[in-house]
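Student: Got a structure for you, written out below as structure tokens; questions coming shortly.
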Amino acid sequence: MAAAAGSPPVTVTGMVKLPLLHEALTGCMSLGHLLAGDAATAAALWAGYREESVLGSGAASALSALWGDAAEAERLGRGLGRATGQALLGGGLLSDVPVLKELSKCGKSLGDLIGGGDVEFARKRWTVEWHNEVTEPGALPKALVSVSMASGGLLVCLASSGLAAPAYVAFSAVAGAAFTAGGAAACQGIDQLSGFRDLGDFSAGDMIGCAIVGAVGCGGTGAAGCIAADVVIQPWEVRLLGSRPCDVVPAQLRLLQPVGQPAWKCEAAHEGDGHDDGPRDARARAPVPAASGPAARPRQGLCTGPPPGRAQCQPRVRGARVRRG
């Protein structure tokens, strides 16, 4: 479905100009338009990316210079300069929000100076363009939508951090897709009410693309957090507490299991591990009287068995007595 006549023109001015993130956003949004059957808009997004981006314009300018097209290389170089100026000052992230809007405007005017020294156009960023943006009827509602969707998605992901790692990543992806698609639909509705779009002109490609952005962004962030918990947080926990980690249970269960739910305690298992420690193995297999009191309730996710051998995890309820070997 192509954009209607009253719809805003398809550009990448609203894209975040930070390298790598710009490529990811353009790919997700173009995929959304392709899934909606709008190949023309998807192609326009990549054409705009070529015109003004740090990596895309830089590569295209270099290729044009190699092919001997100096004029095209210079034109694309100016696009590279404009994108670089924006990237140096936040890249236009959440540019609908006050203060961040002004920061984005600083980046655009800096980009005008870097990309060809266009002082006059850099001044217009703070006169004509800034005045039009702040007096737009839908400016404040769209800023509220942006802040609400970003903070709401963050709070939902934090509230679900007690889930196991696979469930947490899946839930984060679904929540991110729902919030970003809802934000895109709300902004389109605000544009229609303020007269910037025709009534009833909803872009399914924008909503699908934003849903893909939210799913990939939130799901990827959740997965990175789980990996960081295993690779970074837990080793420091072990160093500080002087205990060994449980290497079987995911970090989400080890670190964030709610009180009253089955927690994981570790005991040393020496049988079948390929090591023959003689009397020590015999002592490890011998029954040991159960301990009680605070010493019997170590921090969950940390091994309480003797150092030799490998660790095995067994489910126990927090606060219950733990065998110590």
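Chain lettering (A, B, ...) mirrors the order of the structure tokens, residue numbering begins at 1 for each chain separately, and ligand numbering begins at 1 in order of display.
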Could you pull the residues within 9 Å of region 213-217 of chain A, counting only C-alpha atoms, minus those fewer than 5 positions along the same chain, as a ChimeraX atom specification?
Tutor: /A:24-25,28-29,170,172-181,208,222
Student: Neighbours of region 142-157 of chain A within 12 Å (only C-alpha atoms; same-chain residues fewer than 5 positions away dropped), as an NGL selection string?
Tutor: :A and (93-101 or 133-134 or 136-137 or 162-163 or 167-191 or 193-194 or 210 or 214-215 or 217-219 or 221-223 or 225)
Student: If you run DSSP on the backbone, which residues of region 56-132 of chain A are helix (DSSP H, G or I), as a PyMOL selection string?
Tutor: chain A and resi 56-66+70-88+100-114+119-132
Student: Could you work out how far CA of Leu34 (chain A) lies from CA of Gly205 (chain A), giving the answer in Å with one decimal?
Tutor: 7.3 Å
Student: Distance CA of Cys226 (chain A)-CA of Gly209 (chain A), one decimal place?
Tutor: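 Going from CA of Cys226 (chain A) over to CA of Gly209 (chain A) covers 25.7 Å.
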Student: For Gly81 (chain A), list every protein, DNA or RNA residue within 6 Å, evaluated using only C-alpha atoms, and leave out those in the same chain fewer than 4 positions away; present the list as a VMD selection string.
Tutor: chain A and resid 111 114 to 115
Student: Of the candidates A:Thr127, A:Asn132, A:Gly200, A:Val16, which one gets nearest to Gln86 (chain A) if we count only C-alpha atoms?
Tutor: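 Selected residue with least distance to Gln86 (chain A): A:Val16.
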Student: Quick one: of A:Ala83, A:Met207, A:Ala164, A:Leu31, who's nearest to Gly107 (chain A), counting only C-alpha atoms?
Tutor: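 Looking at the shortest contact to Gly107 (chain A), the residue is A:Ala83.
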Student: Counting only C-alpha atoms, which residue out of A:Thr26, A:Ser104, A:Thr84, A:Ser61 sits closest to Leu45 (chain A)?
Tutor: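 Distance minimum relative to Leu45 (chain A) lands on A:Thr26.
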Student: Considering only C-alpha atoms, can you say which of A:Leu63, A:Leu89, A:Leu76, A:Leu199 comes closest to Ala47 (chain A)?
Tutor: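 When distances to Ala47 (chain A) are compared using only C-alpha atoms, the smallest one comes from A:Leu76.
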Student: Taking only C-alpha atoms into account, which of A:Gly37, A:Pro19, A:Gly58, A:Gly92 comes nearest Arg75 (chain A)?
Tutor: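 Closest candidate: A:Gly58.
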